[in-house]
file data-v1.txt (compact mmCIF, N, CA and C atoms and all ligand atoms)
# COMPACT_ATOMS: atom_id res chain seq x y z
N ALA A 102 -137.34 -50.97 47.13
CA ALA A 102 -135.99 -50.43 47.33
C ALA A 102 -135.86 -49.10 46.59
N GLN A 103 -134.93 -48.29 47.05
CA GLN A 103 -134.73 -46.97 46.46
C GLN A 103 -133.79 -47.04 45.25
N ARG A 104 -133.99 -46.12 44.32
CA ARG A 104 -133.10 -46.03 43.15
C ARG A 104 -132.40 -44.69 43.12
N THR A 105 -131.22 -44.67 42.51
CA THR A 105 -130.47 -43.42 42.36
C THR A 105 -129.75 -43.42 41.03
N LEU A 106 -129.52 -42.21 40.49
CA LEU A 106 -128.77 -42.08 39.25
C LEU A 106 -127.30 -41.81 39.55
N VAL A 107 -126.44 -42.55 38.90
CA VAL A 107 -124.99 -42.37 39.03
C VAL A 107 -124.41 -42.06 37.66
N LEU A 108 -123.47 -41.13 37.63
CA LEU A 108 -122.67 -40.91 36.43
C LEU A 108 -121.22 -41.21 36.77
N ILE A 109 -120.59 -42.04 35.96
CA ILE A 109 -119.14 -42.21 36.01
C ILE A 109 -118.63 -41.29 34.90
N LYS A 110 -118.07 -40.17 35.32
CA LYS A 110 -117.86 -39.01 34.45
C LYS A 110 -116.72 -39.25 33.45
N PRO A 111 -116.60 -38.35 32.44
CA PRO A 111 -115.60 -38.57 31.39
C PRO A 111 -114.16 -38.71 31.90
N ASP A 112 -113.83 -38.06 33.00
CA ASP A 112 -112.46 -38.21 33.53
C ASP A 112 -112.21 -39.64 33.98
N ALA A 113 -113.21 -40.25 34.59
CA ALA A 113 -113.06 -41.64 35.06
C ALA A 113 -112.96 -42.61 33.88
N VAL A 114 -113.78 -42.38 32.86
CA VAL A 114 -113.72 -43.25 31.68
C VAL A 114 -112.35 -43.11 31.02
N ALA A 115 -111.88 -41.88 30.87
CA ALA A 115 -110.59 -41.64 30.21
C ALA A 115 -109.44 -42.28 30.99
N ARG A 116 -109.56 -42.33 32.31
CA ARG A 116 -108.50 -42.89 33.15
C ARG A 116 -108.61 -44.40 33.34
N GLY A 117 -109.64 -44.99 32.75
CA GLY A 117 -109.78 -46.45 32.86
C GLY A 117 -110.23 -46.91 34.23
N LEU A 118 -111.04 -46.07 34.90
CA LEU A 118 -111.48 -46.40 36.26
C LEU A 118 -112.91 -46.94 36.32
N VAL A 119 -113.53 -47.20 35.17
CA VAL A 119 -114.94 -47.62 35.20
C VAL A 119 -115.13 -48.91 36.01
N GLY A 120 -114.34 -49.92 35.70
CA GLY A 120 -114.50 -51.20 36.40
C GLY A 120 -114.23 -51.08 37.89
N THR A 121 -113.20 -50.34 38.22
CA THR A 121 -112.82 -50.16 39.63
C THR A 121 -113.95 -49.47 40.40
N ILE A 122 -114.55 -48.46 39.79
CA ILE A 122 -115.62 -47.71 40.46
C ILE A 122 -116.88 -48.57 40.55
N LEU A 123 -117.23 -49.23 39.46
CA LEU A 123 -118.43 -50.10 39.49
C LEU A 123 -118.30 -51.17 40.58
N GLU A 124 -117.09 -51.66 40.77
CA GLU A 124 -116.87 -52.69 41.78
C GLU A 124 -117.23 -52.19 43.18
N ARG A 125 -116.91 -50.93 43.46
CA ARG A 125 -117.26 -50.37 44.77
C ARG A 125 -118.77 -50.42 45.01
N TYR A 126 -119.53 -50.00 43.98
CA TYR A 126 -121.00 -49.99 44.12
C TYR A 126 -121.53 -51.42 44.24
N GLU A 127 -121.04 -52.30 43.42
CA GLU A 127 -121.55 -53.67 43.45
C GLU A 127 -121.22 -54.35 44.77
N ARG A 128 -120.03 -54.13 45.27
CA ARG A 128 -119.64 -54.77 46.53
C ARG A 128 -120.43 -54.24 47.71
N LYS A 129 -120.98 -53.03 47.57
CA LYS A 129 -121.86 -52.47 48.60
C LYS A 129 -123.23 -53.14 48.58
N SER A 130 -123.46 -53.97 47.57
CA SER A 130 -124.73 -54.68 47.36
C SER A 130 -125.78 -53.85 46.64
N LEU A 131 -125.35 -52.76 46.02
CA LEU A 131 -126.27 -52.01 45.16
C LEU A 131 -126.41 -52.78 43.85
N ARG A 132 -127.62 -52.81 43.32
CA ARG A 132 -127.92 -53.60 42.13
C ARG A 132 -128.01 -52.67 40.92
N ILE A 133 -127.33 -53.04 39.84
CA ILE A 133 -127.39 -52.26 38.60
C ILE A 133 -128.71 -52.59 37.89
N VAL A 134 -129.54 -51.56 37.68
CA VAL A 134 -130.80 -51.80 36.97
C VAL A 134 -130.79 -51.19 35.56
N ALA A 135 -129.84 -50.32 35.28
CA ALA A 135 -129.66 -49.79 33.92
C ALA A 135 -128.23 -49.29 33.83
N LEU A 136 -127.65 -49.37 32.63
CA LEU A 136 -126.27 -48.91 32.46
C LEU A 136 -126.02 -48.64 30.99
N GLU A 137 -125.43 -47.47 30.71
CA GLU A 137 -125.19 -47.10 29.32
C GLU A 137 -123.97 -46.21 29.20
N LEU A 138 -123.11 -46.51 28.22
CA LEU A 138 -122.00 -45.61 27.85
C LEU A 138 -122.54 -44.64 26.81
N ARG A 139 -122.38 -43.35 27.07
CA ARG A 139 -122.84 -42.38 26.08
C ARG A 139 -122.09 -41.07 26.20
N THR A 140 -122.07 -40.33 25.10
CA THR A 140 -121.51 -38.98 25.09
C THR A 140 -122.68 -38.02 24.97
N ILE A 141 -122.81 -37.12 25.92
CA ILE A 141 -124.02 -36.28 25.96
C ILE A 141 -123.77 -34.93 25.29
N ASP A 142 -124.87 -34.29 24.88
CA ASP A 142 -124.78 -32.95 24.29
C ASP A 142 -125.08 -31.88 25.35
N ALA A 143 -124.92 -30.62 24.95
CA ALA A 143 -125.10 -29.51 25.89
C ALA A 143 -126.52 -29.47 26.45
N ALA A 144 -127.49 -29.87 25.64
CA ALA A 144 -128.88 -29.81 26.10
C ALA A 144 -129.12 -30.74 27.30
N LEU A 145 -128.56 -31.94 27.23
CA LEU A 145 -128.74 -32.85 28.36
C LEU A 145 -127.95 -32.37 29.58
N SER A 146 -126.76 -31.82 29.35
CA SER A 146 -126.00 -31.24 30.45
C SER A 146 -126.82 -30.14 31.14
N ASP A 147 -127.40 -29.25 30.35
CA ASP A 147 -128.19 -28.14 30.92
C ASP A 147 -129.38 -28.66 31.72
N ALA A 148 -130.01 -29.71 31.22
CA ALA A 148 -131.17 -30.26 31.92
C ALA A 148 -130.73 -30.94 33.22
N HIS A 149 -129.66 -31.72 33.13
CA HIS A 149 -129.18 -32.43 34.32
C HIS A 149 -128.73 -31.45 35.41
N TYR A 150 -127.97 -30.42 34.99
CA TYR A 150 -127.41 -29.45 35.95
C TYR A 150 -128.25 -28.17 36.01
N ALA A 151 -129.57 -28.29 35.87
CA ALA A 151 -130.44 -27.11 35.82
C ALA A 151 -130.17 -26.15 36.99
N GLU A 152 -129.89 -26.72 38.17
CA GLU A 152 -129.70 -25.85 39.34
C GLU A 152 -128.37 -25.10 39.31
N HIS A 153 -127.47 -25.49 38.41
CA HIS A 153 -126.15 -24.84 38.34
C HIS A 153 -125.98 -23.93 37.13
N LEU A 154 -127.03 -23.76 36.31
CA LEU A 154 -126.87 -23.05 35.03
C LEU A 154 -126.27 -21.66 35.19
N GLU A 155 -126.59 -20.96 36.27
CA GLU A 155 -126.13 -19.58 36.43
C GLU A 155 -124.80 -19.48 37.17
N ARG A 156 -124.28 -20.61 37.61
CA ARG A 156 -123.04 -20.57 38.40
C ARG A 156 -121.84 -20.28 37.50
N ALA A 157 -120.86 -19.58 38.06
CA ALA A 157 -119.68 -19.19 37.29
C ALA A 157 -118.94 -20.39 36.72
N PHE A 158 -118.96 -21.52 37.46
CA PHE A 158 -118.20 -22.68 37.00
C PHE A 158 -118.95 -23.50 35.96
N TYR A 159 -120.23 -23.17 35.70
CA TYR A 159 -121.02 -24.07 34.85
C TYR A 159 -120.51 -24.23 33.41
N PRO A 160 -120.07 -23.13 32.73
CA PRO A 160 -119.57 -23.35 31.36
C PRO A 160 -118.42 -24.37 31.30
N ASP A 161 -117.52 -24.31 32.26
CA ASP A 161 -116.43 -25.29 32.31
C ASP A 161 -116.97 -26.69 32.61
N LEU A 162 -117.93 -26.76 33.50
CA LEU A 162 -118.51 -28.06 33.85
C LEU A 162 -119.21 -28.67 32.63
N ARG A 163 -119.91 -27.83 31.88
CA ARG A 163 -120.60 -28.34 30.68
C ARG A 163 -119.58 -28.83 29.64
N ASP A 164 -118.50 -28.07 29.46
CA ASP A 164 -117.46 -28.52 28.51
C ASP A 164 -116.89 -29.87 28.93
N PHE A 165 -116.67 -30.02 30.23
CA PHE A 165 -116.11 -31.26 30.75
C PHE A 165 -117.07 -32.44 30.59
N ILE A 166 -118.30 -32.25 30.98
CA ILE A 166 -119.24 -33.38 31.03
C ILE A 166 -119.64 -33.84 29.62
N THR A 167 -119.47 -32.93 28.62
CA THR A 167 -119.78 -33.29 27.23
C THR A 167 -118.52 -33.67 26.45
N SER A 168 -117.37 -33.74 27.12
CA SER A 168 -116.08 -33.87 26.42
C SER A 168 -115.80 -35.27 25.91
N GLY A 169 -116.52 -36.26 26.38
CA GLY A 169 -116.24 -37.62 25.95
C GLY A 169 -117.23 -38.56 26.60
N PRO A 170 -117.08 -39.84 26.35
CA PRO A 170 -118.04 -40.78 26.88
C PRO A 170 -118.05 -40.82 28.41
N LEU A 171 -119.26 -41.00 28.94
CA LEU A 171 -119.45 -41.24 30.37
C LEU A 171 -120.33 -42.48 30.50
N VAL A 172 -120.39 -43.01 31.71
CA VAL A 172 -121.26 -44.15 31.97
C VAL A 172 -122.38 -43.67 32.89
N ALA A 173 -123.61 -43.77 32.40
CA ALA A 173 -124.79 -43.44 33.22
C ALA A 173 -125.39 -44.75 33.69
N LEU A 174 -125.76 -44.80 34.98
CA LEU A 174 -126.37 -46.01 35.48
C LEU A 174 -127.39 -45.70 36.57
N VAL A 175 -128.29 -46.63 36.76
CA VAL A 175 -129.25 -46.56 37.86
C VAL A 175 -128.93 -47.70 38.81
N LEU A 176 -128.77 -47.35 40.08
CA LEU A 176 -128.51 -48.35 41.11
C LEU A 176 -129.71 -48.43 42.05
N GLU A 177 -129.94 -49.62 42.54
CA GLU A 177 -131.09 -49.86 43.42
C GLU A 177 -130.63 -50.57 44.69
N GLY A 178 -131.24 -50.16 45.81
CA GLY A 178 -130.93 -50.81 47.08
C GLY A 178 -131.51 -50.01 48.22
N ASP A 179 -131.41 -50.53 49.42
CA ASP A 179 -131.91 -49.84 50.60
C ASP A 179 -131.13 -48.53 50.78
N GLN A 180 -131.84 -47.43 50.84
CA GLN A 180 -131.21 -46.10 51.00
C GLN A 180 -130.10 -45.87 49.98
N ALA A 181 -130.38 -46.20 48.74
CA ALA A 181 -129.36 -46.13 47.68
C ALA A 181 -128.80 -44.72 47.49
N VAL A 182 -129.65 -43.69 47.65
CA VAL A 182 -129.16 -42.31 47.44
C VAL A 182 -128.04 -42.00 48.41
N GLU A 183 -128.30 -42.24 49.69
CA GLU A 183 -127.32 -41.94 50.73
C GLU A 183 -126.10 -42.87 50.62
N ALA A 184 -126.35 -44.12 50.30
CA ALA A 184 -125.25 -45.08 50.19
C ALA A 184 -124.26 -44.65 49.11
N VAL A 185 -124.78 -44.24 47.96
CA VAL A 185 -123.90 -43.82 46.86
C VAL A 185 -123.13 -42.56 47.24
N ARG A 186 -123.82 -41.60 47.86
CA ARG A 186 -123.11 -40.36 48.22
C ARG A 186 -122.01 -40.63 49.24
N GLY A 187 -122.24 -41.59 50.11
CA GLY A 187 -121.18 -41.98 51.04
C GLY A 187 -119.99 -42.61 50.34
N LEU A 188 -120.28 -43.50 49.39
CA LEU A 188 -119.18 -44.12 48.65
C LEU A 188 -118.44 -43.09 47.80
N ASN A 189 -119.18 -42.11 47.23
CA ASN A 189 -118.54 -41.11 46.36
C ASN A 189 -117.62 -40.19 47.15
N GLY A 190 -118.04 -39.77 48.35
CA GLY A 190 -117.24 -38.84 49.14
C GLY A 190 -117.57 -37.39 48.81
N ALA A 191 -116.91 -36.47 49.50
CA ALA A 191 -117.18 -35.04 49.33
C ALA A 191 -116.91 -34.60 47.89
N THR A 192 -117.65 -33.56 47.46
CA THR A 192 -117.58 -33.08 46.07
C THR A 192 -116.14 -32.79 45.65
N ASP A 193 -115.39 -32.10 46.51
CA ASP A 193 -114.01 -31.71 46.18
C ASP A 193 -113.06 -32.86 46.52
N GLY A 194 -112.47 -33.42 45.50
CA GLY A 194 -111.58 -34.57 45.69
C GLY A 194 -110.42 -34.29 46.64
N ARG A 195 -110.06 -33.01 46.77
CA ARG A 195 -108.96 -32.66 47.66
C ARG A 195 -109.37 -32.79 49.12
N LYS A 196 -110.69 -32.75 49.36
CA LYS A 196 -111.20 -32.79 50.73
C LYS A 196 -111.89 -34.11 51.05
N ALA A 197 -112.18 -34.89 50.05
CA ALA A 197 -112.92 -36.15 50.26
C ALA A 197 -112.08 -37.12 51.08
N ALA A 198 -112.75 -37.86 51.95
CA ALA A 198 -112.06 -38.76 52.86
C ALA A 198 -111.46 -39.96 52.12
N PRO A 199 -110.26 -40.38 52.54
CA PRO A 199 -109.70 -41.63 52.02
C PRO A 199 -110.70 -42.77 52.24
N GLY A 200 -110.75 -43.67 51.28
CA GLY A 200 -111.71 -44.76 51.37
C GLY A 200 -112.94 -44.50 50.51
N THR A 201 -113.15 -43.23 50.14
CA THR A 201 -114.23 -42.90 49.20
C THR A 201 -113.65 -42.87 47.78
N ILE A 202 -114.54 -42.93 46.79
CA ILE A 202 -114.08 -42.92 45.40
C ILE A 202 -113.30 -41.64 45.10
N ARG A 203 -113.87 -40.50 45.47
CA ARG A 203 -113.16 -39.23 45.21
C ARG A 203 -111.94 -39.09 46.11
N GLY A 204 -112.06 -39.52 47.35
CA GLY A 204 -110.94 -39.40 48.28
C GLY A 204 -109.75 -40.22 47.83
N ASP A 205 -110.01 -41.35 47.22
CA ASP A 205 -108.90 -42.22 46.81
C ASP A 205 -108.31 -41.83 45.46
N TRP A 206 -109.14 -41.30 44.54
CA TRP A 206 -108.67 -41.16 43.15
C TRP A 206 -108.86 -39.81 42.51
N ALA A 207 -109.39 -38.80 43.24
CA ALA A 207 -109.58 -37.47 42.64
C ALA A 207 -108.87 -36.41 43.47
N LEU A 208 -108.42 -35.36 42.78
CA LEU A 208 -107.73 -34.25 43.46
C LEU A 208 -108.21 -32.92 42.87
N SER A 209 -109.51 -32.87 42.60
CA SER A 209 -110.09 -31.72 41.91
C SER A 209 -111.54 -31.55 42.31
N ASN A 210 -112.01 -30.32 42.19
CA ASN A 210 -113.40 -29.98 42.45
C ASN A 210 -114.30 -30.33 41.26
N GLN A 211 -113.72 -30.27 40.07
CA GLN A 211 -114.50 -30.50 38.86
C GLN A 211 -114.29 -31.90 38.30
N LEU A 212 -113.03 -32.31 38.22
CA LEU A 212 -112.74 -33.65 37.71
C LEU A 212 -112.86 -34.60 38.91
N ASN A 213 -114.10 -34.87 39.29
CA ASN A 213 -114.31 -35.62 40.54
C ASN A 213 -114.99 -36.97 40.30
N LEU A 214 -114.82 -37.49 39.08
CA LEU A 214 -115.05 -38.90 38.73
C LEU A 214 -116.50 -39.37 38.68
N VAL A 215 -117.33 -38.93 39.62
CA VAL A 215 -118.67 -39.51 39.75
C VAL A 215 -119.71 -38.45 40.12
N HIS A 216 -120.94 -38.81 39.86
CA HIS A 216 -122.10 -38.05 40.32
C HIS A 216 -123.09 -39.03 40.95
N GLY A 217 -123.73 -38.61 42.02
CA GLY A 217 -124.86 -39.37 42.56
C GLY A 217 -125.98 -38.41 42.91
N SER A 218 -127.21 -38.79 42.63
CA SER A 218 -128.37 -37.94 42.96
C SER A 218 -128.31 -37.52 44.43
N ASP A 219 -128.73 -36.29 44.73
CA ASP A 219 -128.58 -35.80 46.10
C ASP A 219 -129.81 -36.01 46.98
N SER A 220 -130.90 -36.53 46.43
CA SER A 220 -132.11 -36.82 47.22
C SER A 220 -132.98 -37.78 46.42
N PRO A 221 -133.94 -38.42 47.06
CA PRO A 221 -134.86 -39.28 46.30
C PRO A 221 -135.62 -38.50 45.22
N GLU A 222 -135.94 -37.22 45.51
CA GLU A 222 -136.65 -36.40 44.52
C GLU A 222 -135.75 -36.12 43.32
N SER A 223 -134.49 -35.78 43.58
CA SER A 223 -133.54 -35.58 42.48
C SER A 223 -133.35 -36.87 41.70
N ALA A 224 -133.30 -37.97 42.40
CA ALA A 224 -133.11 -39.26 41.73
C ALA A 224 -134.25 -39.52 40.74
N ALA A 225 -135.49 -39.26 41.17
CA ALA A 225 -136.63 -39.50 40.27
C ALA A 225 -136.54 -38.60 39.04
N ARG A 226 -136.18 -37.34 39.25
CA ARG A 226 -136.06 -36.41 38.13
C ARG A 226 -134.95 -36.84 37.18
N GLU A 227 -133.80 -37.21 37.75
CA GLU A 227 -132.64 -37.56 36.92
C GLU A 227 -132.84 -38.89 36.21
N ILE A 228 -133.46 -39.85 36.86
CA ILE A 228 -133.72 -41.14 36.19
C ILE A 228 -134.66 -40.93 35.01
N ALA A 229 -135.67 -40.07 35.19
CA ALA A 229 -136.60 -39.78 34.08
C ALA A 229 -135.87 -39.11 32.92
N LEU A 230 -134.88 -38.30 33.26
CA LEU A 230 -134.12 -37.58 32.23
C LEU A 230 -133.17 -38.50 31.46
N TRP A 231 -132.48 -39.36 32.16
CA TRP A 231 -131.43 -40.19 31.55
C TRP A 231 -131.97 -41.52 31.03
N PHE A 232 -132.96 -42.07 31.72
CA PHE A 232 -133.51 -43.38 31.34
C PHE A 232 -135.03 -43.30 31.32
N PRO A 233 -135.59 -42.62 30.32
CA PRO A 233 -137.05 -42.42 30.29
C PRO A 233 -137.85 -43.72 30.37
N SER A 234 -137.25 -44.80 29.88
CA SER A 234 -138.00 -46.06 29.90
C SER A 234 -138.18 -46.61 31.32
N LEU A 235 -137.39 -46.11 32.28
CA LEU A 235 -137.50 -46.56 33.68
C LEU A 235 -138.36 -45.61 34.51
N ALA A 236 -138.85 -44.55 33.90
CA ALA A 236 -139.31 -43.39 34.68
C ALA A 236 -140.36 -43.70 35.72
N SER A 237 -141.23 -44.64 35.50
CA SER A 237 -142.27 -44.88 36.49
C SER A 237 -141.75 -45.63 37.71
N GLY A 238 -140.62 -46.34 37.55
CA GLY A 238 -140.06 -47.10 38.65
C GLY A 238 -139.38 -46.21 39.64
P1 LIG B 301 -122.56 -34.40 42.00
O1 LIG B 301 -123.89 -33.65 41.86
O2 LIG B 301 -121.76 -34.43 40.75
O3 LIG B 301 -122.65 -35.70 42.73
P2 LIG B 301 -122.16 -32.86 44.26
O4 LIG B 301 -123.62 -32.96 44.47
O5 LIG B 301 -121.24 -33.38 45.30
O6 LIG B 301 -121.70 -33.53 42.95
P3 LIG B 301 -122.63 -30.15 43.36
O7 LIG B 301 -122.39 -29.02 44.28
O8 LIG B 301 -124.03 -30.54 43.02
O9 LIG B 301 -121.78 -31.37 43.91
O10 LIG B 301 -121.84 -29.85 42.03
C1 LIG B 301 -122.10 -30.60 40.88
C2 LIG B 301 -120.83 -30.74 40.09
O11 LIG B 301 -120.39 -29.48 39.67
C3 LIG B 301 -119.66 -31.33 40.87
O12 LIG B 301 -119.65 -32.73 40.87
C4 LIG B 301 -118.47 -30.76 40.13
O13 LIG B 301 -118.19 -31.58 38.99
C5 LIG B 301 -118.98 -29.41 39.68
N1 LIG B 301 -118.57 -28.36 40.58
C6 LIG B 301 -119.13 -28.03 41.77
N2 LIG B 301 -118.52 -26.99 42.33
C7 LIG B 301 -117.54 -26.63 41.47
C8 LIG B 301 -116.55 -25.60 41.47
N3 LIG B 301 -116.45 -24.74 42.47
N4 LIG B 301 -115.71 -25.56 40.42
C9 LIG B 301 -115.83 -26.42 39.39
N5 LIG B 301 -116.73 -27.40 39.34
C10 LIG B 301 -117.58 -27.51 40.36
call {"tool": "encode", "arguments": {"input": "data-v1.txt", "output": "structure tokens", "more": "lines below"}}
Ligand code: ATP
result
Amino acid sequence: AQRTLVLIKPDAVARGLVGTILERYERKSLRIVALELRTIDAALSDAHYAEHLERAFYPDLRDFITSGPLVALVLEGDQAVEAVRGLNGATDGRKAAPGTIRGDWALSNQLNLVHGSDSPESAAREIALWFPSLASG
């Protein structure tokens, strides 16, 4: 089965949406294989968002993602990468479809509650970064 990295971002933790969001993934039949509450530093943000380092919005994104605890998890299941991105909805919460996590509970491009790896290759890279002990899986 495929694995993907999910972040339940600091806005979701602050709003008390962790359980509600986890329930969506679990009910989809995705299996939690790792899960940790942590507050990350700028170095991990830079590594995770390597492709966005030069973007104008990145300094704000880094401040946000390091601002408080987030929940990092690895989910496993058939086509887990695509399944999670479908559940998450479009990046911009203002445009995300109702029924998705962002569509139902976000109204922002940055405070958009969740992250999911965008490809199996990204998933492997991100899982190695966040959960080195799982890296070979
Ligand atoms: P994620 O990677 O978090 O699942 P995504 O793949 O849908 O989201 P990306 O384009 O990779 O979106 O952007 C990564 C993150 O950067 C977004 O989740 C959002 O938090 C932030 N972001 C993207 N575009 C903007 C923007 N224009 N302004 C502010 N923040 C942005």
call {"tool": "residues_near_ligand", "arguments": {"input": "data-v1.txt", "ligand": "ligand LIG 301 (chain B)", "cutoff": "6 Å", "atoms": "only N, CA and C atoms and all ligand atoms", "output": "PyMOL selection string"}}
result
chain A and resi 158+162+191-192+210-213+215-219
call {"tool": "write_last_selection", "arguments": {"input": "data-v1.txt", "atoms": "N, CA and C atoms", "output": "PDB file, in the frame of the given file"}}
result
ATOM      1  N   PHE A 158    -118.960 -21.520  37.460  1.00  0.00           N
ATOM      2  CA  PHE A 158    -118.200 -22.680  37.000  1.00  0.00           C
ATOM      3  C   PHE A 158    -118.950 -23.500  35.960  1.00  0.00           C
ATOM      4  N   LEU A 162    -117.930 -26.760  33.500  1.00  0.00           N
ATOM      5  CA  LEU A 162    -118.510 -28.060  33.850  1.00  0.00           C
ATOM      6  C   LEU A 162    -119.210 -28.670  32.630  1.00  0.00           C
ATOM      7  N   ALA A 191    -116.910 -36.470  49.500  1.00  0.00           N
ATOM      8  CA  ALA A 191    -117.180 -35.040  49.330  1.00  0.00           C
ATOM      9  C   ALA A 191    -116.910 -34.600  47.890  1.00  0.00           C
ATOM     10  N   THR A 192    -117.650 -33.560  47.460  1.00  0.00           N
ATOM     11  CA  THR A 192    -117.580 -33.080  46.070  1.00  0.00           C
ATOM     12  C   THR A 192    -116.140 -32.790  45.650  1.00  0.00           C
ATOM     13  N   ASN A 210    -112.010 -30.320  42.190  1.00  0.00           N
ATOM     14  CA  ASN A 210    -113.400 -29.980  42.450  1.00  0.00           C
ATOM     15  C   ASN A 210    -114.300 -30.330  41.260  1.00  0.00           C
ATOM     16  N   GLN A 211    -113.720 -30.270  40.070  1.00  0.00           N
ATOM     17  CA  GLN A 211    -114.500 -30.500  38.860  1.00  0.00           C
ATOM     18  C   GLN A 211    -114.290 -31.900  38.300  1.00  0.00           C
ATOM     19  N   LEU A 212    -113.030 -32.310  38.220  1.00  0.00           N
ATOM     20  CA  LEU A 212    -112.740 -33.650  37.710  1.00  0.00           C
ATOM     21  C   LEU A 212    -112.860 -34.600  38.910  1.00  0.00           C
ATOM     22  N   ASN A 213    -114.100 -34.870  39.290  1.00  0.00           N
ATOM     23  CA  ASN A 213    -114.310 -35.620  40.540  1.00  0.00           C
ATOM     24  C   ASN A 213    -114.990 -36.970  40.300  1.00  0.00           C
ATOM     25  N   VAL A 215    -117.330 -38.930  39.620  1.00  0.00           N
ATOM     26  CA  VAL A 215    -118.670 -39.510  39.750  1.00  0.00           C
ATOM     27  C   VAL A 215    -119.710 -38.450  40.120  1.00  0.00           C
ATOM     28  N   HIS A 216    -120.940 -38.810  39.860  1.00  0.00           N
ATOM     29  CA  HIS A 216    -122.100 -38.050  40.320  1.00  0.00           C
ATOM     30  C   HIS A 216    -123.090 -39.030  40.950  1.00  0.00           C
ATOM     31  N   GLY A 217    -123.730 -38.610  42.020  1.00  0.00           N
ATOM     32  CA  GLY A 217    -124.860 -39.370  42.560  1.00  0.00           C
ATOM     33  C   GLY A 217    -125.980 -38.410  42.910  1.00  0.00           C
ATOM     34  N   SER A 218    -127.210 -38.790  42.630  1.00  0.00           N
ATOM     35  CA  SER A 218    -128.370 -37.940  42.960  1.00  0.00           C
ATOM     36  C   SER A 218    -128.310 -37.520  44.430  1.00  0.00           C
ATOM     37  N   ASP A 219    -128.730 -36.290  44.730  1.00  0.00           N
ATOM     38  CA  ASP A 219    -128.580 -35.800  46.100  1.00  0.00           C
ATOM     39  C   ASP A 219    -129.810 -36.010  46.980  1.00  0.00           C
TER      40      ASP A 219
END
call {"tool": "atom_distance", "arguments": {"input": "data-v1.txt", "atom1": "CA of Ala229 (chain A)", "atom2": "CA of Val182 (chain A)"}}
result
15.5 Å
call {"tool": "residues_near_point", "arguments": {"input": "data-v1.txt", "point": "(-133.9, -33.6, 28.5)", "cutoff": "10 Å", "atoms": "only C-alpha atoms", "output": "compact mmCIF listing (two decimals) with N, CA and C atoms, in the coordinates of the input"}}
result
# COMPACT_ATOMS: atom_id res chain seq x y z
N ALA A 144 -127.49 -29.87 25.64
CA ALA A 144 -128.88 -29.81 26.10
C ALA A 144 -129.12 -30.74 27.30
N LEU A 145 -128.56 -31.94 27.23
CA LEU A 145 -128.74 -32.85 28.36
C LEU A 145 -127.95 -32.37 29.58
N SER A 146 -126.76 -31.82 29.35
CA SER A 146 -126.00 -31.24 30.45
C SER A 146 -126.82 -30.14 31.14
N ASP A 147 -127.40 -29.25 30.35
CA ASP A 147 -128.19 -28.14 30.92
C ASP A 147 -129.38 -28.66 31.72
N ALA A 148 -130.01 -29.71 31.22
CA ALA A 148 -131.17 -30.26 31.92
C ALA A 148 -130.73 -30.94 33.22
N HIS A 149 -129.66 -31.72 33.13
CA HIS A 149 -129.18 -32.43 34.32
C HIS A 149 -128.73 -31.45 35.41
N GLU A 227 -133.80 -37.21 37.75
CA GLU A 227 -132.64 -37.56 36.92
C GLU A 227 -132.84 -38.89 36.21
N ALA A 229 -135.67 -40.07 35.19
CA ALA A 229 -136.60 -39.78 34.08
C ALA A 229 -135.87 -39.11 32.92
N LEU A 230 -134.88 -38.30 33.26
CA LEU A 230 -134.12 -37.58 32.23
C LEU A 230 -133.17 -38.50 31.46
N TRP A 231 -132.48 -39.36 32.16
CA TRP A 231 -131.43 -40.19 31.55
C TRP A 231 -131.97 -41.52 31.03
N PRO A 233 -135.59 -42.62 30.32
CA PRO A 233 -137.05 -42.42 30.29
C PRO A 233 -137.85 -43.72 30.37
call {"tool": "atom_distance", "arguments": {"input": "data-v1.txt", "atom1": "atom C of Thr140 (chain A)", "atom2": "atom N of Phe165 (chain A)"}}
result
11.3 Å
call {"tool": "residues_around", "arguments": {"input": "data-v1.txt", "residues": "region 166-180 of chain A", "least_positions_apart": "3", "cutoff": "7 Å", "atoms": "only N, CA and C atoms", "output": "PyMOL selection string"}}
result
chain A and resi 102-112+114-115+130-143+146+161-163+183-185
call {"tool": "atom_distance", "arguments": {"input": "data-v1.txt", "atom1": "atom N of Glu152 (chain A)", "atom2": "atom C of Asn189 (chain A)"}}
result
20.3 Å
